[in-house]
file data-v3.cif (mmCIF, C-alpha atoms and all ligand atoms)
data_coords
loop_
_atom_site.group_PDB
_atom_site.id
_atom_site.type_symbol
_atom_site.label_atom_id
_atom_site.label_comp_id
_atom_site.auth_asym_id
_atom_site.auth_seq_id
_atom_site.Cartn_x
_atom_site.Cartn_y
_atom_site.Cartn_z
ATOM 1 C CA MET A 264 -232.766 129.533 -46.068
ATOM 2 C CA VAL A 265 -230.625 127.609 -43.647
ATOM 3 C CA ALA A 266 -231.332 123.921 -43.347
ATOM 4 C CA ALA A 267 -232.200 122.663 -39.884
ATOM 5 C CA ARG A 268 -229.166 121.725 -37.911
ATOM 6 C CA ARG A 269 -228.772 118.881 -35.494
ATOM 7 C CA ILE A 270 -225.234 118.567 -34.249
ATOM 8 C CA GLY A 271 -223.772 115.194 -33.365
ATOM 9 C CA LEU A 272 -220.688 115.096 -31.165
ATOM 10 C CA ASP A 273 -218.218 112.405 -30.267
ATOM 11 C CA PHE A 274 -217.103 112.458 -26.624
ATOM 12 C CA ASP A 275 -213.584 111.105 -25.926
ATOM 13 C CA ASN A 276 -210.815 113.365 -27.214
ATOM 14 C CA THR A 277 -213.390 115.546 -28.969
ATOM 15 C CA LEU A 278 -215.179 117.233 -26.046
ATOM 16 C CA ILE A 279 -212.962 115.971 -23.237
ATOM 17 C CA THR A 280 -209.163 115.963 -23.204
ATOM 18 C CA TYR A 281 -207.202 113.501 -21.096
ATOM 19 C CA ASP A 282 -203.714 114.868 -21.859
ATOM 20 C CA ASP A 283 -203.158 116.384 -18.415
ATOM 21 C CA VAL A 284 -204.530 113.289 -16.697
ATOM 22 C CA PHE A 285 -202.227 110.972 -18.628
ATOM 23 C CA LEU A 286 -199.257 113.063 -17.583
ATOM 24 C CA ALA A 287 -200.305 113.375 -13.933
ATOM 25 C CA MET A 288 -201.148 109.694 -13.509
ATOM 26 C CA ALA A 289 -197.995 108.560 -15.336
ATOM 27 C CA ARG A 290 -195.925 110.636 -12.918
ATOM 28 C CA GLU A 291 -197.848 109.365 -9.898
ATOM 29 C CA ARG A 292 -197.171 105.797 -10.954
ATOM 30 C CA GLY A 293 -193.488 106.533 -11.503
ATOM 31 C CA LEU A 294 -193.752 105.758 -15.224
ATOM 32 C CA THR A 295 -192.292 109.077 -16.311
ATOM 33 C CA ALA A 296 -189.782 111.449 -14.790
ATOM 34 C CA ALA A 297 -191.195 114.362 -12.817
ATOM 35 C CA ASP A 298 -189.993 116.805 -15.445
ATOM 36 C CA PHE A 299 -191.333 114.820 -18.405
ATOM 37 C CA ALA A 300 -193.584 116.911 -20.607
ATOM 38 C CA GLY A 301 -195.678 115.724 -23.488
ATOM 39 C CA ARG A 302 -199.086 114.631 -24.579
ATOM 40 C CA LYS A 303 -200.704 111.243 -24.811
ATOM 41 C CA GLN A 304 -198.668 109.936 -27.717
ATOM 42 C CA ALA A 305 -195.315 111.017 -26.286
ATOM 43 C CA ILE A 306 -196.232 109.514 -22.914
ATOM 44 C CA ARG A 307 -197.228 106.250 -24.575
ATOM 45 C CA ASP A 308 -194.017 106.061 -26.600
ATOM 46 C CA SER A 309 -191.922 106.688 -23.510
ATOM 47 C CA ILE A 310 -193.716 104.134 -21.303
ATOM 48 C CA ARG A 311 -193.578 101.430 -23.971
ATOM 49 C CA LEU A 312 -189.787 101.536 -23.795
ATOM 50 C CA LEU A 313 -189.869 100.416 -20.145
ATOM 51 C CA PRO A 314 -189.743 96.734 -19.094
ATOM 52 C CA ASP A 315 -193.348 95.479 -19.290
ATOM 53 C CA GLY A 316 -194.057 98.852 -20.871
ATOM 54 C CA GLU A 317 -196.985 97.709 -22.977
ATOM 55 C CA LEU A 318 -198.799 96.348 -19.923
ATOM 56 C CA SER A 319 -198.017 99.494 -17.925
ATOM 57 C CA TRP A 320 -199.420 101.593 -20.737
ATOM 58 C CA GLN A 321 -202.624 99.512 -20.902
ATOM 59 C CA GLN A 322 -203.058 99.798 -17.141
ATOM 60 C CA LEU A 323 -202.462 103.534 -17.223
ATOM 61 C CA GLN A 324 -205.113 103.904 -19.916
ATOM 62 C CA GLY A 325 -207.551 101.907 -17.787
ATOM 63 C CA GLN A 326 -206.957 104.275 -14.879
ATOM 64 C CA VAL A 327 -207.164 107.459 -16.937
ATOM 65 C CA TYR A 328 -210.437 106.526 -18.634
ATOM 66 C CA GLY A 329 -211.781 105.190 -15.327
ATOM 67 C CA LYS A 330 -211.296 107.226 -12.197
ATOM 68 C CA GLY A 331 -209.176 109.762 -14.117
ATOM 69 C CA VAL A 332 -212.242 111.097 -15.965
ATOM 70 C CA ALA A 333 -213.136 113.326 -13.033
ATOM 71 C CA ARG A 334 -209.794 115.128 -13.466
ATOM 72 C CA ALA A 335 -210.079 115.589 -17.227
ATOM 73 C CA SER A 336 -210.903 118.930 -18.807
ATOM 74 C CA MET A 337 -213.092 120.250 -21.567
ATOM 75 C CA PHE A 338 -211.319 121.376 -24.734
ATOM 76 C CA ASP A 339 -210.992 125.137 -25.146
ATOM 77 C CA GLY A 340 -213.920 126.554 -27.055
ATOM 78 C CA VAL A 341 -216.379 123.737 -26.407
ATOM 79 C CA ASP A 342 -218.220 125.928 -23.888
ATOM 80 C CA VAL A 343 -218.649 128.772 -26.385
ATOM 81 C CA PHE A 344 -219.784 126.317 -29.063
ATOM 82 C CA LEU A 345 -222.374 124.654 -26.810
ATOM 83 C CA ARG A 346 -223.707 128.008 -25.639
ATOM 84 C CA ARG A 347 -224.118 129.132 -29.218
ATOM 85 C CA CYS A 348 -226.027 125.952 -30.035
ATOM 86 C CA LYS A 349 -228.314 126.594 -27.088
ATOM 87 C CA GLN A 350 -228.869 130.248 -28.020
ATOM 88 C CA SER A 351 -229.580 129.256 -31.614
ATOM 89 C CA ASN A 352 -231.953 126.454 -30.606
ATOM 90 C CA VAL A 353 -229.746 123.949 -32.383
ATOM 91 C CA PRO A 354 -230.186 120.517 -30.829
ATOM 92 C CA VAL A 355 -227.052 118.658 -29.762
ATOM 93 C CA VAL A 356 -226.641 114.908 -29.440
ATOM 94 C CA ILE A 357 -223.612 113.084 -28.090
ATOM 95 C CA VAL A 358 -222.779 109.653 -29.497
ATOM 96 C CA SER A 359 -219.860 107.906 -27.835
ATOM 97 C CA HIS A 360 -218.262 104.540 -28.513
ATOM 98 C CA LYS A 361 -217.675 103.495 -24.926
ATOM 99 C CA THR A 362 -217.875 100.131 -23.214
ATOM 100 C CA GLU A 363 -219.245 99.964 -19.692
ATOM 101 C CA PHE A 364 -215.982 98.788 -18.172
ATOM 102 C CA GLY A 365 -212.338 99.038 -19.200
ATOM 103 C CA HIS A 366 -210.103 96.011 -19.695
ATOM 104 C CA HIS A 367 -207.334 97.019 -17.323
ATOM 105 C CA ASP A 368 -209.092 98.742 -14.476
ATOM 106 C CA PRO A 369 -208.897 96.857 -11.158
ATOM 107 C CA GLU A 370 -211.332 99.338 -9.628
ATOM 108 C CA ARG A 371 -214.021 98.491 -12.191
ATOM 109 C CA VAL A 372 -215.180 102.070 -12.679
ATOM 110 C CA ASN A 373 -218.301 102.251 -14.839
ATOM 111 C CA LEU A 374 -216.978 104.323 -17.746
ATOM 112 C CA ARG A 375 -220.397 105.455 -18.953
ATOM 113 C CA GLN A 376 -221.471 106.649 -15.525
ATOM 114 C CA ALA A 377 -218.133 108.410 -15.086
ATOM 115 C CA ALA A 378 -218.629 110.199 -18.407
ATOM 116 C CA LEU A 379 -222.152 111.267 -17.417
ATOM 117 C CA GLN A 380 -220.878 112.558 -14.076
ATOM 118 C CA TRP A 381 -218.220 114.566 -15.891
ATOM 119 C CA MET A 382 -220.834 116.030 -18.257
ATOM 120 C CA THR A 383 -223.026 116.927 -15.302
ATOM 121 C CA ALA A 384 -220.127 118.602 -13.472
ATOM 122 C CA GLN A 385 -219.276 120.600 -16.618
ATOM 123 C CA GLY A 386 -222.844 121.875 -16.887
ATOM 124 C CA PHE A 387 -223.814 119.989 -20.031
ATOM 125 C CA PHE A 388 -227.377 119.426 -18.842
ATOM 126 C CA GLU A 389 -228.025 122.433 -16.582
ATOM 127 C CA ASP A 390 -226.088 125.208 -18.329
ATOM 128 C CA TYR A 391 -225.861 124.089 -21.945
ATOM 129 C CA GLY A 392 -229.324 122.581 -22.026
ATOM 130 C CA ILE A 393 -228.351 119.275 -23.602
ATOM 131 C CA ALA A 394 -231.093 116.736 -23.005
ATOM 132 C CA ARG A 395 -229.922 113.788 -20.933
ATOM 133 C CA GLU A 396 -231.680 111.410 -23.304
ATOM 134 C CA ASN A 397 -229.601 112.831 -26.155
ATOM 135 C CA VAL A 398 -226.455 111.188 -24.805
ATOM 136 C CA TYR A 399 -225.851 107.754 -26.321
ATOM 137 C CA PHE A 400 -223.186 105.209 -25.474
ATOM 138 C CA GLU A 401 -222.609 102.428 -27.957
ATOM 139 C CA GLY A 402 -220.534 99.295 -27.531
ATOM 140 C CA THR A 403 -218.983 99.173 -31.002
ATOM 141 C CA ARG A 404 -218.064 101.582 -33.764
ATOM 142 C CA GLN A 405 -220.698 100.057 -36.048
ATOM 143 C CA GLU A 406 -223.397 100.624 -33.412
ATOM 144 C CA LYS A 407 -222.178 104.192 -33.020
ATOM 145 C CA ILE A 408 -222.443 104.826 -36.750
ATOM 146 C CA ALA A 409 -225.888 103.223 -36.874
ATOM 147 C CA ARG A 410 -226.990 105.531 -34.061
ATOM 148 C CA ILE A 411 -225.632 108.602 -35.831
ATOM 149 C CA ALA A 412 -227.570 107.599 -38.962
ATOM 150 C CA GLN A 413 -230.751 107.031 -36.981
ATOM 151 C CA LEU A 414 -230.509 110.437 -35.273
ATOM 152 C CA ASP A 415 -230.510 112.282 -38.605
ATOM 153 C CA CYS A 416 -227.680 114.647 -37.710
ATOM 154 C CA SER A 417 -226.782 117.483 -40.055
ATOM 155 C CA HIS A 418 -223.165 117.528 -38.809
ATOM 156 C CA PHE A 419 -220.959 115.131 -36.880
ATOM 157 C CA ILE A 420 -217.732 116.078 -35.157
ATOM 158 C CA ASP A 421 -215.185 113.407 -34.228
ATOM 159 C CA ASP A 422 -211.450 113.206 -33.582
ATOM 160 C CA LEU A 423 -211.116 109.852 -35.379
ATOM 161 C CA GLU A 424 -210.912 109.921 -39.129
ATOM 162 C CA GLU A 425 -211.692 106.197 -39.335
ATOM 163 C CA VAL A 426 -215.137 106.870 -37.872
ATOM 164 C CA LEU A 427 -215.939 109.586 -40.392
ATOM 165 C CA THR A 428 -214.586 107.633 -43.377
ATOM 166 C CA ASP A 429 -216.244 104.342 -42.442
ATOM 167 C CA PRO A 430 -218.131 103.024 -45.499
ATOM 168 C CA ASP A 431 -221.326 102.916 -43.426
ATOM 169 C CA PHE A 432 -221.083 106.514 -42.251
ATOM 170 C CA PRO A 433 -224.043 108.428 -43.740
ATOM 171 C CA LYS A 434 -222.857 110.476 -46.700
ATOM 172 C CA ASN A 435 -225.484 113.184 -46.235
ATOM 173 C CA ILE A 436 -224.008 114.265 -42.888
ATOM 174 C CA GLU A 437 -221.408 117.028 -42.924
ATOM 175 C CA ARG A 438 -218.296 115.460 -41.412
ATOM 176 C CA ILE A 439 -215.903 117.511 -39.306
ATOM 177 C CA LEU A 440 -212.609 116.059 -38.118
ATOM 178 C CA PHE A 441 -211.428 117.738 -34.899
ATOM 179 C CA SER A 442 -207.684 117.383 -35.326
ATOM 180 C CA GLU A 443 -204.539 119.423 -35.231
ATOM 181 C CA GLY A 444 -203.171 117.438 -38.138
ATOM 182 C CA GLY A 445 -204.706 117.090 -41.570
ATOM 183 C CA ALA A 446 -206.899 114.314 -42.877
ATOM 184 C CA ASN A 447 -205.304 111.290 -44.525
ATOM 185 C CA SER A 448 -208.243 110.560 -46.745
ATOM 186 C CA VAL A 449 -208.398 112.519 -49.970
ATOM 187 C CA SER A 450 -211.401 110.685 -51.391
ATOM 188 C CA GLU A 451 -213.914 111.651 -48.701
ATOM 189 C CA PRO A 452 -215.186 115.195 -48.182
ATOM 190 C CA ILE A 453 -214.129 115.907 -44.631
ATOM 191 C CA MET A 454 -213.590 119.317 -43.090
ATOM 192 C CA VAL A 455 -210.602 119.412 -40.730
ATOM 193 C CA CYS A 456 -210.887 121.810 -37.807
ATOM 194 C CA PRO A 457 -207.901 122.158 -35.453
ATOM 195 C CA THR A 458 -209.782 124.167 -32.813
ATOM 196 C CA TRP A 459 -213.337 124.455 -31.527
ATOM 197 C CA ARG A 460 -213.405 128.023 -32.783
ATOM 198 C CA ASP A 461 -212.928 126.569 -36.267
ATOM 199 C CA VAL A 462 -215.676 124.026 -35.644
ATOM 200 C CA GLU A 463 -218.024 126.820 -34.591
ATOM 201 C CA GLN A 464 -217.257 128.874 -37.692
ATOM 202 C CA GLN A 465 -217.808 125.871 -39.905
ATOM 203 C CA VAL A 466 -221.113 124.833 -38.338
ATOM 204 C CA PHE A 467 -222.503 128.370 -38.167
ATOM 205 C CA ARG A 468 -220.940 129.719 -41.366
ATOM 206 C CA ASP A 469 -224.358 130.463 -42.863
ATOM 207 C CA ALA A 470 -225.706 132.091 -39.724
ATOM 208 C CA ALA A 471 -226.158 135.832 -39.613
HETATM 209 MG MG MG B 501 -213.074 110.273 -29.854
#

call {"tool": "encode", "arguments": {"input": "data-v3.cif", "output": "structure tokens", "more": "lines below"}}
Ligand SMILES: [Mg+2]
result
Amino acid sequence: MVAARRIGLDFDNTLITYDDVFLAMARERGLTAADFAGRKQAIRDSIRLLPDGELSWQQLQGQVYGKGVARASMFDGVDVFLRRCKQSNVPVVIVSHKTEFGHHDPERVNLRQAALQWMTAQGFFEDYGIARENVYFEGTRQEKIARIAQLDCSHFIDDLEEVLTDPDFPKNIERILFSEGGANSVSEPIMVCPTWRDVEQQVFRDAA
């Protein structure tokens, strides 16, 4: 007998990837050369070397997570995973640590509304059947963890190990780290999945 599943998902850098947006907006602002290639970390390291680089990096982040959300893409395999959840009648909740406004965004984009618009455009509510009321935004990591505990998830998938290894994170929830690297923690039972295909196999490993 398979225990009832209720899948909890982080949002930023778990469902949505900003890598292409960081690169595009860094180029548009003249912070990187036109032929620069690399992901978020490489872009950050390069910008921080510039005069006032730290401030430029903070401002770029504010833009990417603000109006840049509309240009961000869904990670490969998320669509297949969400469809399988829908087909299998497995409820999905999204719990995101996200403030309403960024610190360095002169345009004052509402980050939560922008995220909801992105989810709508990607078909989260219409196509994948996620209930709108099952999307939660929390102002702090502790509030996020409290929400996850309250929702009684069977699994939670997050790209940040420090969320999953937080002392308050419920121990009865199966923790999946979405990461291309390994986990640093050896004391906590965390499954590391580098792709969404791996996440799907892990979550549905008992399914026929
Ligand atoms: Mg995240």

call {"tool": "closest_atom_pairs", "arguments": {"input": "data-v3.cif", "of": "chain A", "to": "ligand MG 501 (chain B)", "cutoff": "9 Å", "atoms": "all atoms listed in the file", "output": "tab-separated table"}}
result
residue	atom	partner	partner_atom	distance
A:Asp273	CA	B:MG501	MG	5.6
A:Phe274	CA	B:MG501	MG	5.6
A:Asp275	CA	B:MG501	MG	4.0
A:Asn276	CA	B:MG501	MG	4.7
A:Thr277	CA	B:MG501	MG	5.4
A:Leu278	CA	B:MG501	MG	8.2
A:Ile279	CA	B:MG501	MG	8.7
A:Ser359	CA	B:MG501	MG	7.5
A:His360	CA	B:MG501	MG	7.8
A:Asp421	CA	B:MG501	MG	5.8
A:Asp422	CA	B:MG501	MG	5.0
A:Leu423	CA	B:MG501	MG	5.9
A:Val426	CA	B:MG501	MG	9.0

call {"tool": "resolve_selection", "arguments": {"input": "data-v3.cif", "expression": "the PyMOL selection byres (((chain A and resi 449-455) around 10) and not hetatm)", "output": "count of residues only"}}
result
26

call {"tool": "axis_aligned_box", "arguments": {"input": "data-v3.cif", "around": "segment 264-283 of chain A", "padding_each_side": "6 Å", "output": "AutoDock Vina command-line options"}}
result
--center_x -218.0 --center_y 120.3 --center_z -32.2 --size_x 41.6 --size_y 30.4 --size_z 39.7

call {"tool": "resolve_selection", "arguments": {"input": "data-v3.cif", "expression": "the PyMOL selection byres (((chain A and resi 407-415) around 8) and not hetatm)", "output": "number ranges by chain"}}
result
A: 269, 271, 358-360, 400-406, 416-417, 426, 431-433

call {"tool": "atom_distance", "arguments": {"input": "data-v3.cif", "atom1": "atom CA of Gly365 of chain A", "atom2": "atom CA of Val327 of chain A"}}
result
10.1 Å

call {"tool": "closest_atom_pairs", "arguments": {"input": "data-v3.cif", "of": "segment 357-391 of chain A", "to": "segment 328-347 of chain A", "cutoff": "6 Å", "atoms": "only C-alpha atoms", "output": "CSV"}}
result
residue,atom,partner,partner_atom,distance
A:Val372,CA,A:Gly329,CA,5.3
A:Leu374,CA,A:Gly329,CA,5.8
A:Trp381,CA,A:Ala333,CA,6.0
A:Tyr391,CA,A:Arg346,CA,5.8

call {"tool": "closest_residue", "arguments": {"input": "data-v3.cif", "among": "A:Thr280, A:Asn435, A:Thr383, A:Ser351", "to": "Phe467 of chain A", "atoms": "only C-alpha atoms"}}
result
A:Ser351
